[in-house]
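Source file: protein_19.txt (compact mmCIF, C-alpha atoms)
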```txt
# COMPACT_ATOMS: atom_id res chain seq x y z
CA MET A 16 1.76 1.60 17.63
CA PRO A 17 -0.99 3.82 16.20
CA GLU A 18 -3.99 1.62 15.43
CA LEU A 19 -7.31 2.10 13.66
CA GLY A 20 -8.56 5.01 15.77
CA GLU A 21 -5.29 6.93 15.67
CA VAL A 22 -5.00 6.46 11.90
CA ALA A 23 -8.58 7.75 11.53
CA HIS A 24 -7.55 10.81 13.56
CA ALA A 25 -4.53 11.44 11.31
CA ALA A 26 -6.68 11.10 8.19
CA LYS A 27 -9.24 13.51 9.65
CA LEU A 28 -6.51 16.07 10.42
CA LEU A 29 -5.24 15.86 6.85
CA SER A 30 -8.71 16.04 5.32
CA THR A 31 -9.70 19.04 7.44
CA ASN A 32 -6.52 21.01 6.89
CA LEU A 33 -5.29 19.95 3.43
CA LYS A 34 -8.19 19.03 1.17
CA GLY A 35 -8.55 21.36 -1.79
CA LYS A 36 -5.21 23.12 -1.24
CA THR A 37 -2.16 23.23 -3.53
CA ILE A 38 1.31 22.00 -2.61
CA THR A 39 4.03 24.65 -2.75
CA LYS A 40 6.87 22.62 -1.19
CA PHE A 41 7.55 18.92 -0.68
CA ILE A 42 10.86 17.81 0.83
CA THR A 43 11.92 14.32 1.96
CA ASP A 44 14.77 13.20 4.20
CA ALA A 45 17.48 12.43 1.66
CA LYS A 46 19.44 10.27 4.11
CA ASP A 47 16.62 7.87 4.99
CA THR A 48 16.36 4.78 2.80
CA LEU A 49 14.13 2.77 5.16
CA VAL A 50 11.04 4.94 5.45
CA PHE A 51 10.89 5.39 1.66
CA PRO A 52 11.29 1.84 0.30
CA SER A 53 9.94 2.26 -3.22
CA LEU A 54 12.18 4.98 -4.68
CA SER A 55 15.87 5.78 -5.03
CA LEU A 56 17.23 9.18 -4.00
CA GLN A 57 17.18 10.30 -7.63
CA ASP A 58 13.56 9.21 -8.09
CA ARG A 59 12.61 10.86 -4.83
CA SER A 60 14.07 14.14 -6.03
CA GLN A 61 11.90 13.91 -9.13
CA VAL A 62 8.85 13.26 -6.96
CA GLU A 63 9.58 16.33 -4.86
CA SER A 64 9.64 18.49 -7.99
CA ALA A 65 6.57 16.83 -9.53
CA TYR A 66 4.41 17.28 -6.42
CA VAL A 67 4.84 21.06 -6.36
CA SER A 68 1.67 22.71 -7.78
CA LYS A 69 -0.32 19.47 -7.33
CA ARG A 70 -3.74 19.84 -5.75
CA ILE A 71 -4.77 17.67 -2.78
CA ALA A 72 -7.96 16.06 -4.07
CA ASP A 73 -8.84 13.84 -1.11
CA VAL A 74 -7.62 11.84 1.88
CA GLY A 75 -8.50 8.20 2.55
CA ARG A 76 -7.72 5.35 4.93
CA HIS A 77 -8.02 1.57 5.26
CA GLY A 78 -6.87 -0.28 8.34
CA LYS A 79 -3.50 1.13 9.42
CA TYR A 80 -2.82 2.65 6.00
CA PHE A 81 -3.86 6.15 4.94
CA TRP A 82 -3.18 8.24 1.87
CA ILE A 83 -3.33 11.57 0.08
CA ILE A 84 -4.63 11.69 -3.50
CA LEU A 85 -3.08 14.39 -5.66
CA SER A 86 -4.42 15.71 -8.93
CA GLY A 87 -2.80 18.05 -11.42
CA GLY A 88 -3.84 21.70 -11.36
CA ARG A 89 -6.63 23.49 -9.55
CA GLN A 90 -10.31 22.70 -9.76
CA SER A 91 -13.56 23.84 -8.22
CA ASP A 92 -14.19 22.88 -4.59
CA THR A 93 -17.85 22.22 -5.41
CA THR A 94 -17.17 19.06 -7.42
CA LYS A 95 -15.27 15.82 -7.01
CA LYS A 96 -14.76 15.40 -10.76
CA MET A 97 -11.17 14.59 -11.69
CA LYS A 98 -9.43 14.86 -15.04
CA THR A 99 -8.37 11.74 -16.87
CA GLY A 100 -4.76 10.60 -16.64
CA GLU A 101 -2.60 9.46 -13.72
CA TYR A 102 -3.17 10.41 -10.09
CA ASP A 103 -0.34 10.61 -7.59
CA VAL A 104 -0.86 8.99 -4.20
CA VAL A 105 1.20 9.37 -1.04
CA LEU A 106 0.56 6.09 0.84
CA MET A 107 1.59 6.07 4.51
CA HIS A 108 1.88 3.62 7.41
CA PHE A 109 2.97 4.78 10.87
CA GLY A 110 4.74 1.60 11.94
CA MET A 111 5.56 1.69 15.67
CA THR A 112 6.39 5.36 16.31
CA GLY A 113 5.35 7.36 13.25
CA TRP A 114 3.01 10.37 13.41
CA LEU A 115 1.86 13.48 11.57
CA LYS A 116 2.30 16.95 13.00
CA ILE A 117 0.66 20.10 11.61
CA GLN A 118 2.19 23.40 12.58
CA ASN A 119 -0.03 25.35 15.03
CA VAL A 120 -2.79 22.69 14.87
CA HIS A 121 -3.68 20.81 18.07
CA SER A 122 -4.02 17.04 18.18
CA HIS A 123 -5.21 14.91 21.11
CA PHE A 124 -2.86 12.09 20.08
CA PHE A 125 -0.15 10.87 22.42
CA PRO A 126 1.81 7.58 22.50
CA MET A 127 -0.04 5.21 24.81
CA GLU A 128 3.27 3.75 25.96
CA ARG A 129 3.79 6.99 27.90
CA SER A 130 0.37 6.90 29.55
CA ARG A 131 -0.59 6.33 33.16
CA ASN A 132 -3.75 4.24 33.38
CA GLY A 133 -4.72 5.29 29.87
CA LYS A 134 -4.43 9.00 30.64
CA LYS A 135 -2.29 11.60 28.94
CA PRO A 136 0.82 12.58 30.96
CA ASP A 137 0.74 15.94 32.72
CA ASN A 138 1.83 18.93 30.60
CA TYR A 139 2.11 16.74 27.50
CA ASP A 140 0.28 19.23 25.26
CA GLU A 141 2.30 22.16 26.57
CA LYS A 142 5.58 20.38 25.91
CA ALA A 143 4.43 19.36 22.43
CA ALA A 144 3.43 22.93 21.57
CA ALA A 145 6.83 24.22 22.72
CA GLU A 146 8.81 21.93 20.41
CA PRO A 147 10.78 23.70 17.64
CA TRP A 148 9.66 23.55 14.01
CA PRO A 149 10.36 21.60 11.94
CA PRO A 150 10.06 18.81 14.51
CA LYS A 151 12.82 16.38 15.31
CA TYR A 152 12.97 13.15 13.29
CA HIS A 153 10.82 14.51 10.46
CA LYS A 154 10.88 12.40 7.29
CA PHE A 155 9.05 14.71 4.94
CA LEU A 156 7.73 18.26 5.02
CA LEU A 157 4.75 19.44 2.99
CA SER A 158 3.70 23.10 2.60
CA THR A 159 0.48 24.42 1.04
CA ASP A 160 -0.46 27.65 -0.70
CA ASP A 161 -1.96 29.14 2.49
CA GLY A 162 1.28 28.72 4.44
CA LEU A 163 0.30 25.53 6.32
CA GLU A 164 3.13 23.06 6.94
CA ILE A 165 2.90 19.36 7.78
CA ALA A 166 5.63 17.02 9.00
CA PHE A 167 5.72 13.22 9.02
CA THR A 168 7.91 12.11 11.94
CA ASP A 169 9.34 8.78 13.06
CA PRO A 170 12.24 8.43 15.54
CA ARG A 171 12.60 4.66 15.07
CA ARG A 172 12.22 4.67 11.26
CA LEU A 173 9.74 1.77 11.21
CA SER A 174 7.11 3.68 9.26
CA ARG A 175 6.71 3.46 5.50
CA VAL A 176 5.91 6.13 2.89
CA ARG A 177 5.30 5.15 -0.73
CA PHE A 178 4.79 7.40 -3.75
CA LEU A 179 2.42 5.74 -6.21
CA GLU A 180 0.83 6.52 -9.54
CA ILE A 181 -2.68 5.25 -10.21
CA ALA A 182 -3.32 5.16 -13.94
CA ASN A 183 -6.81 5.84 -15.29
CA ARG A 184 -7.38 2.63 -17.22
CA LYS A 185 -11.10 3.30 -17.46
CA SER A 186 -12.58 6.20 -19.38
CA ASP A 187 -15.32 6.63 -16.75
CA MET A 188 -12.96 6.82 -13.71
CA GLU A 189 -13.63 10.44 -12.80
CA THR A 190 -14.26 10.42 -9.05
CA VAL A 191 -12.04 10.05 -6.00
CA GLU A 192 -13.95 6.92 -4.98
CA GLN A 193 -13.02 5.23 -8.23
CA VAL A 194 -9.37 6.18 -7.80
CA GLU A 195 -9.43 4.65 -4.29
CA SER A 196 -10.99 1.50 -5.72
CA GLU A 197 -8.03 1.16 -8.08
CA LEU A 198 -5.63 1.92 -5.21
CA MET A 199 -6.96 -1.06 -3.22
CA LYS A 200 -5.71 -3.33 -6.03
CA VAL A 201 -2.11 -2.20 -5.53
CA GLU A 202 0.50 -3.61 -3.11
CA PRO A 203 0.43 -3.62 -0.14
CA LEU A 204 -3.28 -2.71 0.14
CA VAL A 205 -4.33 -5.64 -2.03
CA ARG A 206 -3.25 -8.00 0.77
CA MET A 207 -5.30 -6.24 3.44
CA GLY A 208 -8.53 -7.71 4.80
CA PRO A 209 -11.71 -5.72 5.47
CA ASP A 210 -11.74 -2.64 7.70
CA PHE A 211 -14.56 -3.44 10.15
CA SER A 212 -15.13 0.23 10.93
CA LYS A 213 -16.52 0.62 7.40
CA ILE A 214 -20.09 -0.67 7.36
CA GLU A 215 -20.39 -0.65 3.58
CA SER A 216 -17.39 -2.89 2.87
CA ARG A 217 -16.84 -5.18 5.88
CA TRP A 218 -17.67 -8.87 5.93
CA SER A 219 -21.12 -10.02 6.95
CA GLN A 220 -21.48 -12.20 10.03
CA ASP A 221 -21.83 -15.32 7.87
CA GLN A 222 -18.64 -14.48 5.95
CA PHE A 223 -16.75 -13.93 9.21
CA LEU A 224 -17.99 -17.23 10.66
CA GLU A 225 -16.89 -18.98 7.49
CA VAL A 226 -13.36 -17.64 7.95
CA LEU A 227 -13.33 -18.77 11.59
CA ALA A 228 -14.42 -22.26 10.56
CA LYS A 229 -11.36 -22.62 8.30
CA ARG A 230 -8.80 -21.57 10.90
CA ARG A 231 -7.29 -23.36 13.88
CA VAL A 232 -5.28 -20.70 15.72
CA PRO A 233 -5.53 -18.72 18.98
CA ILE A 234 -8.23 -16.09 18.47
CA LYS A 235 -5.87 -13.27 19.47
CA SER A 236 -3.54 -14.22 16.60
CA LEU A 237 -6.44 -14.25 14.15
CA LEU A 238 -7.59 -10.76 15.14
CA LEU A 239 -4.06 -9.42 14.64
CA ASP A 240 -3.88 -10.89 11.13
CA GLN A 241 -4.21 -7.83 8.86
CA ALA A 242 -5.49 -10.06 6.05
CA VAL A 243 -8.52 -10.75 8.26
CA CYS A 244 -9.02 -7.61 10.37
CA ALA A 245 -7.23 -4.63 8.82
CA GLY A 246 -6.39 -1.97 11.40
CA VAL A 247 -6.82 -4.10 14.53
CA GLY A 248 -3.72 -3.92 16.72
CA ASN A 249 -2.73 -5.28 20.10
CA TRP A 250 -4.89 -3.21 22.45
CA MET A 251 -7.91 -3.33 20.11
CA ALA A 252 -7.73 -7.12 19.90
CA ASP A 253 -7.61 -7.32 23.69
CA GLU A 254 -10.61 -5.00 23.94
CA ILE A 255 -12.63 -7.02 21.44
CA LEU A 256 -11.92 -10.25 23.35
CA PHE A 257 -12.70 -8.65 26.72
CA GLN A 258 -16.06 -7.37 25.49
CA SER A 259 -16.74 -10.82 24.02
CA ARG A 260 -15.61 -12.58 27.23
CA ILE A 261 -13.20 -14.78 25.28
CA HIS A 262 -9.76 -15.87 26.50
CA PRO A 263 -6.96 -14.64 24.17
CA GLU A 264 -5.52 -18.18 23.93
CA GLN A 265 -8.89 -19.68 22.94
CA TYR A 266 -8.58 -21.67 19.73
CA THR A 267 -10.94 -20.64 16.95
CA ASN A 268 -12.09 -24.19 16.24
CA LYS A 269 -13.12 -24.69 19.89
CA MET A 270 -15.46 -21.70 20.15
CA SER A 271 -19.23 -22.07 20.40
CA LEU A 272 -21.45 -20.48 17.76
CA LYS A 273 -22.83 -18.07 20.35
CA LYS A 274 -19.32 -16.82 21.18
CA LYS A 275 -18.43 -16.46 17.51
CA GLU A 276 -21.50 -14.33 16.86
CA LEU A 277 -20.76 -12.18 19.90
CA LEU A 278 -17.16 -11.81 18.74
CA TYR A 279 -18.32 -10.48 15.36
CA ASN A 280 -20.60 -7.90 17.00
CA MET A 281 -17.86 -6.71 19.36
CA LEU A 282 -15.33 -6.56 16.53
CA CYS A 283 -17.60 -4.20 14.61
CA GLU A 284 -18.49 -2.15 17.71
CA VAL A 285 -14.93 -1.62 19.00
CA CYS A 286 -13.72 -0.66 15.50
CA GLU A 287 -16.59 1.78 15.00
CA VAL A 288 -16.14 3.44 18.40
CA SER A 289 -12.36 3.71 17.91
CA VAL A 290 -12.89 5.55 14.62
CA GLU A 291 -15.76 7.72 15.90
CA THR A 292 -13.65 8.90 18.86
CA GLU A 293 -10.50 9.06 16.66
CA GLY A 294 -8.57 7.14 19.31
CA ASP A 295 -9.23 9.75 22.03
CA THR A 296 -9.06 7.76 25.29
CA GLU A 297 -11.04 10.41 27.16
CA LYS A 298 -14.03 9.56 24.96
CA PHE A 299 -13.77 5.78 25.35
CA PRO A 300 -16.49 3.98 27.36
CA LYS A 301 -15.50 3.74 31.03
CA SER A 302 -16.13 -0.02 30.92
CA TRP A 303 -13.35 -0.60 28.39
CA LEU A 304 -10.36 -2.68 29.41
CA MET A 305 -8.03 -0.49 27.37
CA LEU A 306 -8.00 2.19 30.07
CA HIS A 307 -6.44 -0.25 32.57
CA ARG A 308 -4.02 -2.32 30.48
CA TRP A 309 -1.18 0.20 30.75
CA SER A 310 -0.93 -0.25 34.53
CA LYS A 311 1.47 -3.13 33.93
CA ARG A 312 4.22 -0.50 33.70
CA GLN A 313 3.58 0.59 37.26
CA LYS A 314 5.43 -0.72 40.32
CA GLN A 315 5.42 -4.45 40.86
CA GLY A 316 3.17 -5.83 43.57
CA GLU A 317 -0.08 -4.03 42.79
CA ARG A 318 -2.11 -5.76 40.10
CA PRO A 319 -4.27 -3.52 37.90
CA MET A 320 -8.05 -3.76 38.19
CA THR A 321 -10.97 -2.81 35.95
CA ALA A 322 -13.59 -0.19 36.85
CA ASP A 323 -15.76 -3.04 38.18
CA GLY A 324 -13.01 -4.37 40.45
CA TYR A 325 -11.87 -7.36 38.38
CA ILE A 326 -8.16 -8.21 38.46
CA VAL A 327 -6.32 -7.73 35.16
CA ASP A 328 -3.67 -10.23 34.10
CA PHE A 329 -1.27 -10.64 31.18
CA VAL A 330 -0.28 -13.56 28.98
CA THR A 331 1.87 -13.86 25.85
CA VAL A 332 0.06 -15.04 22.72
CA GLY A 333 1.90 -15.28 19.42
CA GLY A 334 4.77 -13.23 20.81
CA ARG A 335 2.48 -10.36 21.83
CA THR A 336 1.54 -9.36 25.38
CA SER A 337 -2.20 -9.87 25.87
CA CYS A 338 -4.23 -8.19 28.60
CA PHE A 339 -7.30 -10.03 29.90
CA VAL A 340 -9.52 -10.63 32.95
CA PRO A 341 -9.19 -14.30 34.05
CA GLU A 342 -12.43 -14.25 36.05
CA LEU A 343 -14.47 -13.23 33.00
CA GLN A 344 -12.49 -14.63 30.08
CA LYS A 345 -12.27 -18.41 30.43
CA MET A 346 -11.19 -21.13 28.03
CA GLU A 347 -14.04 -23.20 26.63
CA ASN A 348 -14.70 -26.17 24.39
CA ALA A 349 -17.51 -26.09 21.87
CA PRO A 350 -20.42 -28.42 22.82
CA GLY A 351 -19.81 -32.01 21.79
CA GLU A 352 -16.07 -31.48 21.26
CA GLU A 353 -13.12 -32.74 23.25
CA ASP A 354 -10.06 -30.70 24.04
CA ASP A 355 -6.91 -31.38 22.04
CA ASP A 356 -5.16 -33.32 24.84
CA ALA A 357 -8.10 -35.67 25.40
CA SER A 358 -8.46 -36.30 21.68
CA GLU A 359 -4.76 -37.01 21.34
CA ARG A 360 -4.81 -39.41 24.31
CA LYS A 361 -7.75 -41.24 22.77
CA GLN A 362 -6.00 -41.63 19.44
CA LYS A 363 -2.81 -42.88 21.10
CA ALA A 364 -4.75 -45.43 23.18
CA LYS A 365 -6.48 -46.68 20.04
CA ALA A 366 -3.16 -47.00 18.22
CA ASN A 367 -1.54 -48.79 21.18
CA SER A 368 -4.46 -51.21 21.36
CA ARG A 369 -4.10 -52.07 17.68
CA THR A 370 -0.34 -52.55 18.04
CA LYS A 371 -0.83 -54.80 21.07
CA LYS A 372 -3.37 -56.90 19.19
CA LEU A 373 -1.01 -57.37 16.26
CA LYS A 374 1.83 -58.41 18.58
CA THR A 375 -0.43 -60.93 20.32
CA GLU A 376 -1.50 -62.47 17.01
CA GLN A 377 2.13 -62.74 15.94
CA THR A 378 3.13 -64.38 19.22
CA GLN A 379 0.37 -66.95 18.88
CA LYS A 380 1.53 -67.77 15.36
CA ASP A 381 5.07 -68.26 16.62
CA LYS A 382 3.86 -70.74 19.27
CA VAL A 383 2.16 -73.00 16.76
CA VAL A 384 4.24 -76.20 16.50
CA LYS A 385 4.91 -77.04 12.94
CA PRO A 386 4.57 -80.76 12.06
CA THR A 387 7.94 -82.47 11.72
CA ARG A 388 8.72 -85.13 9.16
CA THR A 389 9.89 -88.47 10.62
CA ARG A 390 12.93 -89.83 8.94
CA ARG A 391 12.54 -93.44 7.97
CA LYS A 392 15.07 -95.92 9.19
CA PRO A 393 17.55 -96.91 6.59
CA ARG A 394 16.90 -100.27 5.03
CA GLN A 395 19.37 -102.91 4.25
CA GLY A 396 20.97 -102.21 0.98
CA ASP A 397 20.64 -98.45 1.34
CA ARG A 398 23.84 -96.72 0.96
```

Any chance you could give the structure as structure tokens?
Amino acid sequence: MPELGEVAHAAKLLSTNLKGKTITKFITDAKDTLVFPSLSLQDRSQVESAYVSKRIADVGRHGKYFWIILSGGRQSDTTKKMKTGEYDVVLMHFGMTGWLKIQNVHSHFFPMERSRNGKKPDNYDEKAAAEPWPPKYHKFLLSTDDGLEIAFTDPRRLSRVRFLEIANRKSDMETVEQVESELMKVEPLVRMGPDFSKIESRWSQDQFLEVLAKRRVPIKSLLLDQAVCAGVGNWMADEILFQSRIHPEQYTNKMSLKKKELLYNMLCEVCEVSVETEGDTEKFPKSWLMLHRWSKRQKQGERPMTADGYIVDFVTVGGRTSCFVPELQKMENAPGEEDDDASERKQKAKANSRTKKLKTEQTQKDKVVKPTRTRRKPRQGDR
């Protein structure tokens, strides 16, 4: 699945090649009702007509979501001022196998599931360039006034494309940034947590530690929660934990303060590097675990190893395969705390002791001989 870095790459491609241009054609796959969940076929046809002649004002991203903001008519490229009214937004999510392709424009992206030790397969770029246009499994096609054509593809149909209208409810909402601020209040973006690649809007360390203090889950599951870390996917979560030297099954409430602080720093660093490199594995640090996690698909018998010679292992956490280094990532208990099993045994022993005491007291009460009344002998004359 494309994660934060790959989404940043897609947004950069769109911004570089589309920004400021006018749409001349917009066509969606009329047969697909899964990728386009928000509109009927009739509504989609109206959208296709309405988008023609719209100008692409800007491109944005947050976590695994990215979008194109459209404004009506042309305007000067030297200003970001936008006219009042409603702004159309194409909101996209790649799902598992979605991607954007621009005709005659190179991209370093390739599905990591096809990689060998994190490297692009031989002749991948040549084969991609030789594919016919429009590409197979395309879900929408967009053409601009300079002849450029873009295709959104998804063979498994797990991606989502939504067509939204952001109304200008404020008279002073004239910039793209203000439109994006309103967009973040709309479903599904309103449910997303902070994007830790964005320095200006991510949580502070204290805010992050406060969230950790309220949760009692495996740390890998927390990092994958998009309401906490928007954009972090499976391999990124593994990388963050490897750099922090934290076991993926480590419970959040059993982590030391030092580990929590290190986790926050590595979360910010891995997200920033992923976006800066736009998910290009050739630009990743050689010390990253991500380059070795894909070796699990190789022949059985040989266990993958890191660049430093540490053996890589795999464990399932929350239904997701987690890659880690057992020698470096060990389970821990916070100072002064017991593990869950020991605490449970202690509570059971205390309860059993109380139950035993109550039974003993009851037995002693039962053994107490109650005084019996002696019946007097009948006297003469008694009947």

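Distance annotation: of A:Lys69, A:Lys34, A:Lys213, A:His121, the residue with the minimal separation from A:Val288 is A:Lys213; atom set is all atoms listed in the file.
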
May I have the protein, DNA and RNA residues with an atom at most 10 Å from (-0.8, 7.1, -9.5), counting all atoms listed in the file in the file's coordinates, returned as a PDB file with C-alpha atoms, keeping the file's coordinate frame?
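Done, and the output landed in point-v7.pdb:
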```
ATOM      1  CA  ILE A  84      -4.630  11.690  -3.500  1.00  0.00           C
ATOM      2  CA  LEU A  85      -3.080  14.390  -5.660  1.00  0.00           C
ATOM      3  CA  SER A  86      -4.420  15.710  -8.930  1.00  0.00           C
ATOM      4  CA  GLY A 100      -4.760  10.600 -16.640  1.00  0.00           C
ATOM      5  CA  GLU A 101      -2.600   9.460 -13.720  1.00  0.00           C
ATOM      6  CA  TYR A 102      -3.170  10.410 -10.090  1.00  0.00           C
ATOM      7  CA  ASP A 103      -0.340  10.610  -7.590  1.00  0.00           C
ATOM      8  CA  VAL A 104      -0.860   8.990  -4.200  1.00  0.00           C
ATOM      9  CA  VAL A 105       1.200   9.370  -1.040  1.00  0.00           C
ATOM     10  CA  PHE A 178       4.790   7.400  -3.750  1.00  0.00           C
ATOM     11  CA  LEU A 179       2.420   5.740  -6.210  1.00  0.00           C
ATOM     12  CA  GLU A 180       0.830   6.520  -9.540  1.00  0.00           C
ATOM     13  CA  ILE A 181      -2.680   5.250 -10.210  1.00  0.00           C
ATOM     14  CA  ALA A 182      -3.320   5.160 -13.940  1.00  0.00           C
ATOM     15  CA  ASN A 183      -6.810   5.840 -15.290  1.00  0.00           C
ATOM     16  CA  VAL A 194      -9.370   6.180  -7.800  1.00  0.00           C
ATOM     17  CA  GLU A 197      -8.030   1.160  -8.080  1.00  0.00           C
ATOM     18  CA  LEU A 198      -5.630   1.920  -5.210  1.00  0.00           C
TER      19      LEU A 198
END
```

Between A:Ser64, A:Asn348, A:Ser55, A:Ser174, which residue has the minimum interatomic distance to A:Leu272, considering only C-alpha atoms? A:Asn348

Neighbours of A:Gly208 within 7 Å (all atoms listed in the file; same-chain residues fewer than 4 positions away dropped), as a list in words?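 Contacts, in chain order: Gln241, Ala242, Val243, Cys244 and Ala245 of chain A.
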
Measure the distance from atom CA of A:Val327 to atom CA of A:Leu306 in Å and round it to one decimal.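 Interatomic distance, atom CA of A:Val327 to atom CA of A:Leu306: 11.3 Å.
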
Any chance you could build stretch 329-336 of chain A out to all heavy atoms and write it as a compact mmCIF listing (two decimals), in the coordinates of the input?
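Writing the result to result_1.txt gives the following:
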```
# COMPACT_ATOMS: atom_id res chain seq x y z
N PHE A 329 -1.93 -10.71 32.48
CA PHE A 329 -1.27 -10.64 31.18
C PHE A 329 -0.73 -12.00 30.80
O PHE A 329 -0.27 -12.77 31.64
CB PHE A 329 -0.13 -9.61 31.22
CG PHE A 329 -0.58 -8.22 31.55
CD1 PHE A 329 -0.68 -7.81 32.88
CD2 PHE A 329 -0.93 -7.33 30.56
CE1 PHE A 329 -1.10 -6.53 33.21
CE2 PHE A 329 -1.35 -6.05 30.87
CZ PHE A 329 -1.45 -5.65 32.19
N VAL A 330 -0.79 -12.31 29.51
CA VAL A 330 -0.28 -13.56 28.98
C VAL A 330 0.28 -13.28 27.58
O VAL A 330 -0.18 -12.36 26.89
CB VAL A 330 -1.40 -14.63 28.91
CG1 VAL A 330 -2.49 -14.23 27.92
CG2 VAL A 330 -0.83 -16.00 28.56
N THR A 331 1.28 -14.04 27.18
CA THR A 331 1.87 -13.86 25.85
C THR A 331 1.23 -14.81 24.86
O THR A 331 1.21 -16.02 25.08
CB THR A 331 3.39 -14.10 25.90
OG1 THR A 331 3.99 -13.18 26.82
CG2 THR A 331 4.00 -13.89 24.53
N VAL A 332 0.69 -14.25 23.78
CA VAL A 332 0.06 -15.04 22.72
C VAL A 332 0.68 -14.64 21.38
O VAL A 332 0.59 -13.47 21.00
CB VAL A 332 -1.47 -14.82 22.68
CG1 VAL A 332 -2.09 -15.69 21.58
CG2 VAL A 332 -2.10 -15.12 24.02
N GLY A 333 1.29 -15.59 20.71
CA GLY A 333 1.90 -15.28 19.42
C GLY A 333 2.99 -14.24 19.51
O GLY A 333 3.18 -13.44 18.59
N GLY A 334 3.70 -14.19 20.63
CA GLY A 334 4.77 -13.23 20.81
C GLY A 334 4.31 -11.85 21.22
O GLY A 334 5.13 -10.94 21.39
N ARG A 335 3.01 -11.66 21.43
CA ARG A 335 2.48 -10.36 21.83
C ARG A 335 1.87 -10.44 23.23
O ARG A 335 1.20 -11.42 23.58
CB ARG A 335 1.39 -9.90 20.84
CG ARG A 335 1.84 -9.81 19.41
CD ARG A 335 2.90 -8.74 19.20
NE ARG A 335 2.39 -7.42 19.52
CZ ARG A 335 1.70 -6.65 18.68
NH1 ARG A 335 1.43 -7.09 17.46
NH2 ARG A 335 1.30 -5.46 19.05
N THR A 336 2.12 -9.41 24.04
CA THR A 336 1.54 -9.36 25.38
C THR A 336 0.05 -9.11 25.28
O THR A 336 -0.39 -8.15 24.64
CB THR A 336 2.20 -8.26 26.22
OG1 THR A 336 3.58 -8.53 26.35
CG2 THR A 336 1.57 -8.18 27.60
```
